[in-house]
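K.L.:
Below is the file target-v6.pdb, with PDB, C-alpha atoms.
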```pdb
ATOM      1  CA  MET A   4      -4.812  39.963   0.535
ATOM      2  CA  ILE A   5      -3.153  37.688   3.087
ATOM      3  CA  SER A   6      -0.536  39.374   5.234
ATOM      4  CA  ILE A   7       2.975  37.958   5.765
ATOM      5  CA  GLU A   8       2.044  37.226   9.382
ATOM      6  CA  GLN A   9      -1.039  35.273   8.291
ATOM      7  CA  GLN A  10       1.032  33.336   5.762
ATOM      8  CA  SER A  11       3.479  32.429   8.512
ATOM      9  CA  ILE A  12       0.653  31.191  10.747
ATOM     10  CA  ILE A  13      -0.796  29.039   7.931
ATOM     11  CA  GLU A  14       2.645  27.593   7.208
ATOM     12  CA  GLN A  15       3.193  26.749  10.887
ATOM     13  CA  LYS A  16      -0.250  25.128  11.108
ATOM     14  CA  CYS A  17       0.397  22.994   8.033
ATOM     15  CA  LEU A  18       3.912  21.891   8.973
ATOM     16  CA  GLY A  19       2.766  21.238  12.539
ATOM     17  CA  LEU A  20      -0.041  19.041  11.225
ATOM     18  CA  LEU A  21       2.400  17.010   9.129
ATOM     19  CA  ALA A  22       4.824  16.602  12.028
ATOM     20  CA  ASN A  23       2.078  15.550  14.434
ATOM     21  CA  ALA A  24       0.636  13.026  11.970
ATOM     22  CA  ALA A  25       4.103  11.553  11.380
ATOM     23  CA  LYS A  26       4.713  11.340  15.129
ATOM     24  CA  LEU A  27       1.411   9.472  15.569
ATOM     25  CA  GLU A  28       2.417   7.146  12.695
ATOM     26  CA  ALA A  29      -0.720   8.045  10.746
ATOM     27  CA  THR A  30      -0.806   6.970   7.105
ATOM     28  CA  ASP A  31      -3.243   9.607   5.837
ATOM     29  CA  ILE A  32      -4.559  13.080   6.626
ATOM     30  CA  HIS A  33      -7.982  14.145   5.338
ATOM     31  CA  LEU A  34      -9.546  17.602   5.381
ATOM     32  CA  ILE A  35     -13.226  17.085   4.617
ATOM     33  CA  PRO A  36     -15.593  20.042   4.082
ATOM     34  CA  ARG A  37     -18.829  20.241   6.018
ATOM     35  CA  GLU A  38     -21.495  22.913   5.774
ATOM     36  CA  VAL A  39     -19.858  25.395   8.185
ATOM     37  CA  CYS A  40     -16.440  23.856   8.954
ATOM     38  CA  TYR A  41     -13.906  21.194   8.002
ATOM     39  CA  ASP A  42     -13.335  17.835   9.712
ATOM     40  CA  LEU A  43      -9.684  16.882  10.207
ATOM     41  CA  LEU A  44      -9.311  13.095  10.084
ATOM     42  CA  LEU A  45      -6.242  10.938  10.602
ATOM     43  CA  ARG A  46      -6.047   7.363   9.407
ATOM     44  CA  LYS A  47      -3.957   4.821  11.278
ATOM     45  CA  TYR A  48      -4.036   1.036  10.838
ATOM     46  CA  GLY A  49      -6.836   1.445   8.316
ATOM     47  CA  ARG A  50      -9.149   3.344  10.685
ATOM     48  CA  PHE A  51     -10.154   6.989  10.569
ATOM     49  CA  GLU A  52     -10.261   9.088  13.721
ATOM     50  CA  LYS A  53     -11.532  12.648  13.921
ATOM     51  CA  ALA A  54      -8.648  14.734  15.230
ATOM     52  CA  ASP A  55     -10.150  18.229  15.078
ATOM     53  CA  GLU A  56     -12.726  20.594  13.598
ATOM     54  CA  LEU A  57     -11.281  23.538  11.682
ATOM     55  CA  PRO A  58     -12.902  26.847  10.670
ATOM     56  CA  ALA A  59     -13.630  26.812   6.951
ATOM     57  CA  GLU A  60     -11.418  29.836   6.223
ATOM     58  CA  LEU A  61      -8.400  28.310   8.002
ATOM     59  CA  ALA A  62      -8.850  24.922   6.319
ATOM     60  CA  THR A  63      -9.213  26.537   2.884
ATOM     61  CA  ARG A  64      -5.946  28.434   3.329
ATOM     62  CA  MET A  65      -4.185  25.290   4.573
ATOM     63  CA  ILE A  66      -5.348  23.420   1.470
ATOM     64  CA  SER A  67      -4.002  26.246  -0.709
ATOM     65  CA  TYR A  68      -0.649  26.012   1.071
ATOM     66  CA  PHE A  69      -0.440  22.231   0.543
ATOM     67  CA  LYS A  70      -1.321  22.754  -3.139
ATOM     68  CA  PHE A  71       1.472  25.339  -3.373
ATOM     69  CA  LEU A  72       3.974  22.849  -1.896
ATOM     70  CA  SER A  73       2.806  20.261  -4.452
ATOM     71  CA  SER A  74       3.099  22.684  -7.424
ATOM     72  CA  LEU A  75      -0.644  22.488  -8.089
ATOM     73  CA  ASP A  76      -2.878  25.248  -9.458
ATOM     74  CA  ILE A  77      -4.093  27.079  -6.346
ATOM     75  CA  SER A  78      -6.810  28.946  -8.269
ATOM     76  CA  GLU A  79      -8.341  25.756  -9.740
ATOM     77  CA  LYS A  80     -10.970  24.409  -7.361
ATOM     78  CA  ARG A  81     -13.411  22.813  -9.791
ATOM     79  CA  LYS A  82     -11.261  19.867 -10.920
ATOM     80  CA  PRO A  83      -9.458  17.102  -9.010
ATOM     81  CA  GLN A  84      -5.700  17.593  -8.786
ATOM     82  CA  SER A  85      -2.845  15.471  -7.505
ATOM     83  CA  GLY A  86       0.786  16.148  -6.688
ATOM     84  CA  ALA A  87       3.514  15.473  -4.157
ATOM     85  CA  PHE A  88       6.250  17.071  -2.088
ATOM     86  CA  GLN A  89       8.873  16.003   0.430
ATOM     87  CA  LYS A  90       9.720  17.326   3.871
ATOM     88  CA  PHE A  91      12.348  16.418   6.423
ATOM     89  CA  ILE A  92      10.724  15.686   9.783
ATOM     90  CA  ASP A  93      13.502  14.951  12.246
ATOM     91  CA  PRO A  94      15.043  12.419  11.966
ATOM     92  CA  SER A  95      13.463  11.124   8.747
ATOM     93  CA  MET A  96      12.540  12.225   5.245
ATOM     94  CA  TYR A  97       8.856  11.919   4.349
ATOM     95  CA  ALA A  98       7.053  12.080   1.025
ATOM     96  CA  PHE A  99       3.511  13.458   0.972
ATOM     97  CA  ARG A 100       1.112  12.626  -1.858
ATOM     98  CA  ILE A 101      -1.647  15.211  -2.264
ATOM     99  CA  SER A 102      -5.055  14.756  -3.833
ATOM    100  CA  THR A 103      -7.839  17.337  -4.018
ATOM    101  CA  LEU A 104     -11.494  16.787  -4.834
ATOM    102  CA  PRO A 105     -14.236  19.393  -5.373
ATOM    103  CA  SER A 106     -17.295  18.842  -3.142
ATOM    104  CA  SER A 107     -20.990  19.721  -3.204
ATOM    105  CA  PHE A 108     -20.347  22.572  -0.738
ATOM    106  CA  TYR A 109     -18.211  24.334  -3.412
ATOM    107  CA  LYS A 110     -15.200  23.589  -1.247
ATOM    108  CA  GLU A 111     -12.264  21.294  -1.830
ATOM    109  CA  SER A 112     -11.590  18.095   0.045
ATOM    110  CA  LEU A 113      -7.931  17.211   0.621
ATOM    111  CA  ALA A 114      -6.253  13.840   1.146
ATOM    112  CA  ILE A 115      -2.581  13.501   2.077
ATOM    113  CA  ARG A 116      -0.817  10.120   2.012
ATOM    114  CA  ILE A 117       2.196  10.029   4.369
ATOM    115  CA  LEU A 118       5.153   7.934   3.198
ATOM    116  CA  ARG A 119       8.273   7.586   5.310
ATOM    117  CA  GLN A 120      11.278   7.226   3.025
ATOM    118  CA  ASN A 121      14.034   4.622   3.154
ATOM    119  CA  TYR A 122      12.304   2.812   5.995
ATOM    120  CA  THR A 123      11.240  -0.792   6.386
ATOM    121  CA  LEU A 124      10.085  -2.928   9.282
ATOM    122  CA  PRO A 125      11.493  -6.420   9.870
ATOM    123  CA  LEU A 126       8.967  -9.118   9.013
ATOM    124  CA  GLN A 127       9.219 -10.336  12.615
ATOM    125  CA  THR A 128       7.816  -6.976  13.708
ATOM    126  CA  ILE A 129       4.931  -7.110  11.224
ATOM    127  CA  CYS A 130       3.701 -10.700  11.647
ATOM    128  CA  HIS A 131       1.704 -11.989  14.604
ATOM    129  CA  PHE A 132       2.782 -15.619  14.094
ATOM    130  CA  GLN A 133       6.393 -16.715  13.623
ATOM    131  CA  GLU A 134       5.215 -19.332  11.104
ATOM    132  CA  SER A 135       4.102 -16.471   8.832
ATOM    133  CA  VAL A 136       7.612 -14.972   8.916
ATOM    134  CA  GLU A 137       9.122 -18.318   7.901
ATOM    135  CA  GLN A 138       6.616 -18.768   5.062
ATOM    136  CA  LEU A 139       7.322 -15.269   3.708
ATOM    137  CA  TYR A 140      11.073 -15.949   3.835
ATOM    138  CA  LYS A 141      10.499 -19.184   1.909
ATOM    139  CA  LEU A 142       8.535 -17.351  -0.790
ATOM    140  CA  ALA A 143      11.285 -14.728  -1.156
ATOM    141  CA  GLN A 144      13.758 -17.491  -1.993
ATOM    142  CA  MET A 145      11.807 -18.653  -5.059
ATOM    143  CA  GLU A 146      13.634 -18.278  -8.358
ATOM    144  CA  SER A 147      10.738 -17.319 -10.621
ATOM    145  CA  GLY A 148       6.981 -16.896 -10.883
ATOM    146  CA  LEU A 149       4.424 -14.445  -9.514
ATOM    147  CA  ILE A 150       3.761 -13.792  -5.818
ATOM    148  CA  LEU A 151       0.801 -11.592  -4.921
ATOM    149  CA  ILE A 152       0.048  -9.831  -1.643
ATOM    150  CA  SER A 153      -3.641  -9.015  -1.298
ATOM    151  CA  GLY A 154      -5.821  -7.265   1.224
ATOM    152  CA  ALA A 155      -8.071  -4.284   1.792
ATOM    153  CA  THR A 156      -6.843  -0.681   1.844
ATOM    154  CA  GLY A 157      -4.996   0.128   5.056
ATOM    155  CA  THR A 158      -4.052  -3.438   5.999
ATOM    156  CA  GLY A 159      -0.317  -2.934   5.466
ATOM    157  CA  LYS A 160       0.233  -4.617   2.086
ATOM    158  CA  THR A 161       2.807  -2.043   0.995
ATOM    159  CA  THR A 162       4.682  -2.287   4.300
ATOM    160  CA  THR A 163       4.917  -6.065   3.945
ATOM    161  CA  LEU A 164       5.921  -5.737   0.297
ATOM    162  CA  TYR A 165       8.850  -3.415   1.020
ATOM    163  CA  SER A 166       9.940  -5.546   3.977
ATOM    164  CA  LEU A 167       9.979  -8.628   1.751
ATOM    165  CA  LEU A 168      11.994  -6.775  -0.898
ATOM    166  CA  HIS A 169      14.440  -5.563   1.757
ATOM    167  CA  TYR A 170      14.958  -9.187   2.780
ATOM    168  CA  CYS A 171      15.561 -10.157  -0.866
ATOM    169  CA  ALA A 172      18.086  -7.377  -1.432
ATOM    170  CA  HIS A 173      19.837  -7.223   1.945
ATOM    171  CA  HIS A 174      19.820 -10.814   3.203
ATOM    172  CA  LEU A 175      19.659 -12.797  -0.046
ATOM    173  CA  SER A 176      21.832 -10.317  -2.011
ATOM    174  CA  ARG A 177      19.432 -10.382  -4.961
ATOM    175  CA  HIS A 178      19.197  -7.608  -7.548
ATOM    176  CA  VAL A 179      15.765  -6.052  -7.069
ATOM    177  CA  ILE A 180      14.196  -3.555  -9.503
ATOM    178  CA  SER A 181      10.780  -2.004  -8.928
ATOM    179  CA  LEU A 182       8.339  -0.446 -11.402
ATOM    180  CA  GLU A 183       5.896   1.774  -9.501
ATOM    181  CA  ASP A 184       3.208   4.369 -10.176
ATOM    182  CA  PRO A 185       4.155   6.297  -8.145
ATOM    183  CA  VAL A 186       7.161   5.223  -6.042
ATOM    184  CA  GLU A 187       5.645   4.802  -2.585
ATOM    185  CA  SER A 188       8.817   4.850  -0.505
ATOM    186  CA  ALA A 189      12.379   5.523  -1.644
ATOM    187  CA  GLN A 190      14.600   2.577  -0.685
ATOM    188  CA  GLU A 191      18.392   2.743  -0.990
ATOM    189  CA  GLN A 192      18.846  -0.993  -1.572
ATOM    190  CA  LEU A 193      16.401  -1.093  -4.498
ATOM    191  CA  LEU A 194      16.611   0.227  -8.054
ATOM    192  CA  GLN A 195      13.254   1.984  -8.329
ATOM    193  CA  ILE A 196      11.683   3.087 -11.626
ATOM    194  CA  GLN A 197       8.654   5.383 -11.675
ATOM    195  CA  VAL A 198       6.066   5.115 -14.432
ATOM    196  CA  ASN A 199       6.013   8.362 -16.411
ATOM    197  CA  GLU A 200       3.796   8.116 -19.463
ATOM    198  CA  ARG A 201       4.689  11.636 -20.665
ATOM    199  CA  ALA A 202       8.324  10.544 -20.831
ATOM    200  CA  GLY A 203       7.386   7.275 -22.523
ATOM    201  CA  ILE A 204       7.894   5.118 -19.429
ATOM    202  CA  THR A 205       4.699   3.073 -19.470
ATOM    203  CA  TYR A 206       4.433  -0.202 -17.592
ATOM    204  CA  SER A 207       5.141  -2.122 -20.794
ATOM    205  CA  ALA A 208       8.096   0.054 -21.856
ATOM    206  CA  GLY A 209       9.417   0.100 -18.296
ATOM    207  CA  LEU A 210       9.402  -3.697 -18.112
ATOM    208  CA  LYS A 211      11.324  -4.000 -21.397
ATOM    209  CA  ALA A 212      13.948  -1.579 -20.065
ATOM    210  CA  ILE A 213      14.151  -3.345 -16.693
ATOM    211  CA  LEU A 214      14.822  -6.732 -18.309
ATOM    212  CA  ARG A 215      17.999  -5.321 -19.879
ATOM    213  CA  HIS A 216      19.408  -4.673 -16.390
ATOM    214  CA  SER A 217      19.484  -8.320 -15.257
ATOM    215  CA  PRO A 218      17.024  -8.194 -12.368
ATOM    216  CA  GLU A 219      16.573 -11.242 -10.155
ATOM    217  CA  VAL A 220      13.425  -9.870  -8.497
ATOM    218  CA  ILE A 221      10.941  -7.469 -10.127
ATOM    219  CA  MET A 222       8.435  -5.559  -8.026
ATOM    220  CA  LEU A 223       5.285  -4.056  -9.531
ATOM    221  CA  GLY A 224       3.684  -1.581  -7.148
ATOM    222  CA  GLU A 225       0.090  -2.737  -7.687
ATOM    223  CA  ILE A 226      -1.937  -4.775 -10.160
ATOM    224  CA  ARG A 227      -4.880  -2.441 -10.669
ATOM    225  CA  ASP A 228      -6.013  -2.972 -14.271
ATOM    226  CA  ARG A 229      -5.570  -5.215 -17.299
ATOM    227  CA  GLU A 230      -2.373  -3.482 -18.400
ATOM    228  CA  THR A 231      -0.562  -4.036 -15.105
ATOM    229  CA  ALA A 232      -1.890  -7.615 -14.883
ATOM    230  CA  LYS A 233      -0.517  -8.307 -18.368
ATOM    231  CA  VAL A 234       2.860  -6.783 -17.477
ATOM    232  CA  ALA A 235       3.038  -8.864 -14.268
ATOM    233  CA  MET A 236       2.440 -12.082 -16.230
ATOM    234  CA  GLU A 237       4.947 -11.094 -18.932
ATOM    235  CA  ALA A 238       7.594 -10.441 -16.267
ATOM    236  CA  ALA A 239       6.886 -13.789 -14.617
ATOM    237  CA  PHE A 240       7.044 -15.625 -17.975
ATOM    238  CA  SER A 241      10.474 -14.041 -18.568
ATOM    239  CA  GLY A 242      11.880 -16.260 -15.816
ATOM    240  CA  HIS A 243      12.049 -13.741 -12.984
ATOM    241  CA  LEU A 244      10.501 -13.641  -9.538
ATOM    242  CA  VAL A 245       7.761 -10.990  -9.610
ATOM    243  CA  ILE A 246       6.171  -9.626  -6.437
ATOM    244  CA  SER A 247       3.170  -7.300  -6.455
ATOM    245  CA  THR A 248       0.036  -6.301  -4.558
ATOM    246  CA  ILE A 249      -3.624  -6.536  -5.519
ATOM    247  CA  HIS A 250      -6.929  -5.615  -3.894
ATOM    248  CA  ALA A 251      -8.934  -8.731  -3.023
ATOM    249  CA  LYS A 252     -10.902  -9.952  -0.020
ATOM    250  CA  ASP A 253      -8.807 -13.070   0.556
ATOM    251  CA  THR A 254      -6.528 -15.529  -1.232
ATOM    252  CA  VAL A 255      -9.166 -17.434  -3.216
ATOM    253  CA  ASN A 256     -10.961 -14.256  -4.310
ATOM    254  CA  CYS A 257      -7.657 -13.040  -5.713
ATOM    255  CA  ILE A 258      -7.927 -15.750  -8.396
ATOM    256  CA  TYR A 259     -11.329 -14.414  -9.444
ATOM    257  CA  ARG A 260      -9.900 -10.884  -9.460
ATOM    258  CA  LEU A 261      -7.038 -11.900 -11.773
ATOM    259  CA  ASN A 262      -9.520 -13.653 -14.045
ATOM    260  CA  ASP A 263     -11.564 -10.428 -14.219
ATOM    261  CA  LEU A 264      -8.364  -8.691 -15.347
ATOM    262  CA  SER A 265      -8.041 -11.119 -18.289
ATOM    263  CA  VAL A 266      -5.417 -13.399 -16.731
ATOM    264  CA  SER A 267      -6.393 -16.917 -17.776
ATOM    265  CA  LEU A 268      -6.517 -19.846 -15.362
ATOM    266  CA  GLU A 269      -3.892 -21.583 -17.508
ATOM    267  CA  GLU A 270      -1.522 -18.624 -17.105
ATOM    268  CA  MET A 271      -2.104 -18.796 -13.360
ATOM    269  CA  ARG A 272      -1.322 -22.529 -13.335
ATOM    270  CA  GLN A 273       1.995 -21.863 -15.063
ATOM    271  CA  MET A 274       3.229 -18.724 -13.322
ATOM    272  CA  LEU A 275       1.326 -18.009 -10.103
ATOM    273  CA  ARG A 276       3.423 -19.310  -7.187
ATOM    274  CA  ALA A 277       1.643 -17.905  -4.151
ATOM    275  CA  ILE A 278      -1.139 -15.619  -2.993
ATOM    276  CA  VAL A 279      -0.706 -14.037   0.416
ATOM    277  CA  SER A 280      -3.651 -12.236   1.976
ATOM    278  CA  GLN A 281      -3.136  -9.893   4.903
ATOM    279  CA  ARG A 282      -5.301  -8.529   7.690
ATOM    280  CA  LEU A 283      -4.462  -6.412  10.748
ATOM    281  CA  ILE A 284      -5.542  -7.377  14.249
ATOM    282  CA  GLU A 285      -5.108  -5.483  17.509
ATOM    283  CA  THR A 286      -4.372  -7.298  20.749
ATOM    284  CA  ASN A 287      -4.125  -5.721  24.166
ATOM    285  CA  ASP A 288      -0.569  -6.820  24.872
ATOM    286  CA  ILE A 289       1.264  -6.231  21.563
ATOM    287  CA  GLY A 290      -0.850  -3.708  19.625
ATOM    288  CA  TYR A 291      -1.411  -4.107  15.877
ATOM    289  CA  LYS A 292       0.067  -7.076  14.027
ATOM    290  CA  ALA A 293      -0.688  -8.789  10.730
ATOM    291  CA  ILE A 294      -2.125 -12.251  10.231
ATOM    292  CA  PHE A 295      -1.869 -13.971   6.859
ATOM    293  CA  GLU A 296      -3.597 -16.505   4.647
ATOM    294  CA  PHE A 297      -1.232 -18.403   2.345
ATOM    295  CA  LEU A 298      -2.392 -20.131  -0.836
ATOM    296  CA  THR A 299       0.575 -22.003  -2.325
ATOM    297  CA  ASP A 300       1.728 -25.309  -3.806
ATOM    298  CA  GLU A 301      -0.929 -28.046  -3.978
ATOM    299  CA  GLN A 302      -3.581 -25.866  -2.347
ATOM    300  CA  LEU A 303      -3.114 -23.199  -5.027
ATOM    301  CA  LYS A 304      -3.341 -25.832  -7.763
ATOM    302  CA  ALA A 305      -6.500 -27.280  -6.170
ATOM    303  CA  ALA A 306      -8.077 -23.818  -5.919
ATOM    304  CA  ILE A 307      -7.435 -23.052  -9.601
ATOM    305  CA  ASP A 308      -8.731 -26.493 -10.636
ATOM    306  CA  SER A 309     -11.892 -26.049  -8.545
ATOM    307  CA  ILE A 310     -12.601 -22.625 -10.018
ATOM    308  CA  SER A 311     -12.008 -23.906 -13.573
ATOM    309  CA  ASN A 312     -14.668 -26.560 -12.879
ATOM    310  CA  ALA A 313     -17.104 -23.972 -11.445
ATOM    311  CA  ARG A 314     -16.653 -25.273  -7.899
ATOM    312  CA  SER A 315     -15.870 -23.252  -4.788
ATOM    313  CA  TYR A 316     -12.682 -23.760  -2.814
ATOM    314  CA  THR A 317     -11.803 -22.978   0.795
ATOM    315  CA  LEU A 318      -8.606 -23.346   2.761
ATOM    316  CA  PRO A 319      -8.505 -25.610   5.833
ATOM    317  CA  PHE A 320     -10.243 -23.707   8.636
ATOM    318  CA  ASP A 321      -7.184 -23.284  10.866
ATOM    319  CA  GLU A 322      -5.310 -21.603   7.969
ATOM    320  CA  THR A 323      -8.050 -19.062   7.263
ATOM    321  CA  PHE A 324      -8.399 -15.662   8.932
ATOM    322  CA  ALA A 325     -11.399 -16.982  10.875
ATOM    323  CA  GLY A 326      -9.407 -19.968  12.101
ATOM    324  CA  GLN A 327      -6.454 -17.857  13.195
ATOM    325  CA  ILE A 328      -8.732 -15.436  15.031
ATOM    326  CA  ALA A 329     -10.438 -18.400  16.734
ATOM    327  CA  LYS A 330      -6.972 -19.552  17.848
ATOM    328  CA  LEU A 331      -6.289 -16.127  19.312
ATOM    329  CA  GLN A 332      -9.588 -16.262  21.174
ATOM    330  CA  GLY A 333      -8.611 -19.664  22.510
ATOM    331  CA  ASP A 334      -5.349 -18.161  23.731
ATOM    332  CA  CYS A 335      -7.435 -15.611  25.685
ATOM    333  CA  TYR A 336      -6.445 -12.604  23.581
ATOM    334  CA  GLU A 337      -8.792  -9.682  23.247
ATOM    335  CA  TYR A 338      -8.612  -8.398  19.703
ATOM    336  CA  THR A 339     -10.194  -6.242  17.066
ATOM    337  CA  SER A 340      -9.765  -6.888  13.338
ATOM    338  CA  THR A 341      -9.355  -4.523  10.376
TER     339      THR A 341
END
```
Rewrite the coordinates I just gave you, this time as structure tokens.
P.N.:
Amino acid sequence: MISIEQQSIIEQKCLGLLANAAKLEATDIHLIPREVCYDLLLRKYGRFEKADELPAELATRMISYFKFLSSLDISEKRKPQSGAFQKFIDPSMYAFRISTLPSSFYKESLAIRILRQNYTLPLQTICHFQESVEQLYKLAQMESGLILISGATGTGKTTTLYSLLHYCAHHLSRHVISLEDPVESAQEQLLQIQVNERAGITYSAGLKAILRHSPEVIMLGEIRDRETAKVAMEAAFSGHLVISTIHAKDTVNCIYRLNDLSVSLEEMRQMLRAIVSQRLIETNDIGYKAIFEFLTDEQLKAAIDSISNARSYTLPFDETFAGQIAKLQGDCYEYTST
């Protein structure tokens, strides 16, 4: 049996860990089992750093406490589980998404995604180049079609997405409705709908319901499979501006990714308005910022035409990530890229 004093210590350890991770602006906490201990890792700007090594008994009890907060089955350690909870960490509210995974050491691994609520960054703060800010603003003013933000995990796609939606709602006074699975960050200026298949709110049913509420901009949290790709195209064909994210290496590879998800090149010609790919770079003087590739207008049309004719397509060098990094080198920046 665990004493009340021990429970209090575990609770303090867990809440202290959450507060410290939030203070460091980490996006994820991972407790990973090793043979005789646990590694505590924090992820920030897409990179993992080992923060501590914890005794196995302490880490196991901390995982049980996080499962308790997330209303998970504490006794079940053989199956993956996922849940969530919220905590107020002065001065902000945070949501924590929990995922457990059984390991070969007969111990659980724990991942915690940290999501600050009702918080967005201005696009000027995110982007390294002012031209990128102006291009994103221009895209937000489109009346209809599909805009995709692509990039690897940890490159800030979701941050950019919410910042763009904030601009649509706050500065352009447009009615924005999101359909997410799950809602990443609660935003007061958005009408956010969470997919809940048990309650009958699938992506398809959610879209039909959303269209009855006269949205001007529809946000889909992520295109991850054929169902969400189909819903994104249906929303775009309904005459609305649809903004979503997708995992792809760069702008051109996003076209191949959509094709893999059964979106035809003809559908892309009709409804795809822009693909924006994002990457983080670190410079000595301003820290981490995002650089972007933009595939729009005639370049987007040329890329789709090239792919339909089994030819490769590349952006002009100075518009690619490599070209922008070369420009930074020419400006005597020291940088690292993620």
K.L.:
Report as a PDB file with C-alpha atoms, in the coordinates of the input all protein, DNA and RNA residues lying within 12 Å of Ala172 of chain A, evaluated on only C-alpha atoms, omitting residues in the same chain fewer than 5 positions from it.
P.N.:
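As a result, out-v6.pdb now contains:
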```pdb
ATOM      1  CA  ALA A 143      11.285 -14.728  -1.156  1.00  0.00           C
ATOM      2  CA  GLN A 144      13.758 -17.491  -1.993  1.00  0.00           C
ATOM      3  CA  TYR A 165       8.850  -3.415   1.020  1.00  0.00           C
ATOM      4  CA  SER A 166       9.940  -5.546   3.977  1.00  0.00           C
ATOM      5  CA  LEU A 167       9.979  -8.628   1.751  1.00  0.00           C
ATOM      6  CA  ARG A 177      19.432 -10.382  -4.961  1.00  0.00           C
ATOM      7  CA  HIS A 178      19.197  -7.608  -7.548  1.00  0.00           C
ATOM      8  CA  VAL A 179      15.765  -6.052  -7.069  1.00  0.00           C
ATOM      9  CA  ILE A 180      14.196  -3.555  -9.503  1.00  0.00           C
ATOM     10  CA  SER A 181      10.780  -2.004  -8.928  1.00  0.00           C
ATOM     11  CA  GLN A 190      14.600   2.577  -0.685  1.00  0.00           C
ATOM     12  CA  GLU A 191      18.392   2.743  -0.990  1.00  0.00           C
ATOM     13  CA  GLN A 192      18.846  -0.993  -1.572  1.00  0.00           C
ATOM     14  CA  LEU A 193      16.401  -1.093  -4.498  1.00  0.00           C
ATOM     15  CA  LEU A 194      16.611   0.227  -8.054  1.00  0.00           C
ATOM     16  CA  PRO A 218      17.024  -8.194 -12.368  1.00  0.00           C
ATOM     17  CA  GLU A 219      16.573 -11.242 -10.155  1.00  0.00           C
ATOM     18  CA  VAL A 220      13.425  -9.870  -8.497  1.00  0.00           C
ATOM     19  CA  ILE A 221      10.941  -7.469 -10.127  1.00  0.00           C
ATOM     20  CA  MET A 222       8.435  -5.559  -8.026  1.00  0.00           C
TER      21      MET A 222
END
```
K.L.:
Determine the nearest neighbour of Gly290 of chain A from the options A:Glu79, A:Gln15, A:His131, A:Tyr206, counting all atoms listed in the file.
P.N.:
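Closest to Gly290 of chain A of all the choices is A:His131.
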K.L.:
Using only C-alpha atoms, which residue out of A:Ser311, A:Thr30, A:Ser241, A:Thr323 lies closest to Phe99 of chain A?
P.N.:
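Closest candidate: A:Thr30.
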K.L.:
Pick from A:Ile13, A:Ile310, A:Ile129, A:Leu27: nearest to Ile294 of chain A, with only C-alpha atoms counted?
P.N.:
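Of the candidates, the smallest distance to Ile294 of chain A is held by A:Ile129.
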K.L.:
Using only C-alpha atoms, determine which residues lie at most 12 Å from Leu118 of chain A, disregarding the query and same-chain residues fewer than 6 positions distant; provide the list as an mmCIF file with C-alpha atoms, in the coordinates of the input.
P.N.:
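For reference, part-v4.cif as written:
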```
data_model
loop_
_atom_site.group_PDB
_atom_site.id
_atom_site.type_symbol
_atom_site.label_atom_id
_atom_site.label_comp_id
_atom_site.auth_asym_id
_atom_site.auth_seq_id
_atom_site.Cartn_x
_atom_site.Cartn_y
_atom_site.Cartn_z
ATOM 1 C CA LEU A 21 2.400 17.010 9.129
ATOM 2 C CA ALA A 24 0.636 13.026 11.970
ATOM 3 C CA ALA A 25 4.103 11.553 11.380
ATOM 4 C CA GLU A 28 2.417 7.146 12.695
ATOM 5 C CA ALA A 29 -0.720 8.045 10.746
ATOM 6 C CA THR A 30 -0.806 6.970 7.105
ATOM 7 C CA ASP A 31 -3.243 9.607 5.837
ATOM 8 C CA ILE A 32 -4.559 13.080 6.626
ATOM 9 C CA ALA A 87 3.514 15.473 -4.157
ATOM 10 C CA PHE A 88 6.250 17.071 -2.088
ATOM 11 C CA GLN A 89 8.873 16.003 0.430
ATOM 12 C CA LYS A 90 9.720 17.326 3.871
ATOM 13 C CA PHE A 91 12.348 16.418 6.423
ATOM 14 C CA ILE A 92 10.724 15.686 9.783
ATOM 15 C CA SER A 95 13.463 11.124 8.747
ATOM 16 C CA MET A 96 12.540 12.225 5.245
ATOM 17 C CA TYR A 97 8.856 11.919 4.349
ATOM 18 C CA ALA A 98 7.053 12.080 1.025
ATOM 19 C CA PHE A 99 3.511 13.458 0.972
ATOM 20 C CA ARG A 100 1.112 12.626 -1.858
ATOM 21 C CA ILE A 101 -1.647 15.211 -2.264
ATOM 22 C CA THR A 161 2.807 -2.043 0.995
ATOM 23 C CA THR A 162 4.682 -2.287 4.300
ATOM 24 C CA PRO A 185 4.155 6.297 -8.145
ATOM 25 C CA VAL A 186 7.161 5.223 -6.042
ATOM 26 C CA GLU A 187 5.645 4.802 -2.585
ATOM 27 C CA SER A 188 8.817 4.850 -0.505
ATOM 28 C CA ALA A 189 12.379 5.523 -1.644
ATOM 29 C CA GLN A 190 14.600 2.577 -0.685
#
```
K.L.:
Rounded to one decimal, what separation in Å do you get between atom CA of Arg81 of chain A and atom CA of Thr103 of chain A?
P.N.:
9.7 Å
K.L.:
Can you pull out every residue within 10 Å of Val39 of chain A, counting only C-alpha atoms, but drop anything in the same chain fewer than 6 positions away, and send it as a list in words?
P.N.:
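Neighbouring residues, sequence-local ones excluded: Leu57, Pro58, Ala59, Glu60 and Phe108 of chain A.
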K.L.:
Hey, could you pull the box centre and edge lengths for segment 232-245 of chain A, axis-aligned, 6 Å padding per side, all listed atoms, to one decimal in Å, as JSON?
P.N.:
```
{"center_x": 5.1, "center_y": -11.5, "center_z": -14.2, "size_x": 25.9, "size_y": 21.5, "size_z": 21.4}
```
K.L.:
I need the output of the PyMOL selection byres ((chain A and resi 128) around 12) for this file as a PyMOL selection string; which residues are they?
P.N.:
chain A and resi 123-127+129-133+135-136+162-163+166+289-294
K.L.:
My list of candidates is A:Ile328, A:Leu151, A:Cys171, A:Ala305. Which is closest to Thr286 of chain A when distances are computed with all atoms listed in the file?
P.N.:
A:Ile328
K.L.:
List the spatial neighbours of Leu261 of chain A as a ChimeraX atom specification - criterion: any atom at most 9 Å away, only C-alpha atoms, same-chain residues fewer than 3 positions off excluded.
P.N.:
/A:226,229,232,249,256-258,264-268,271
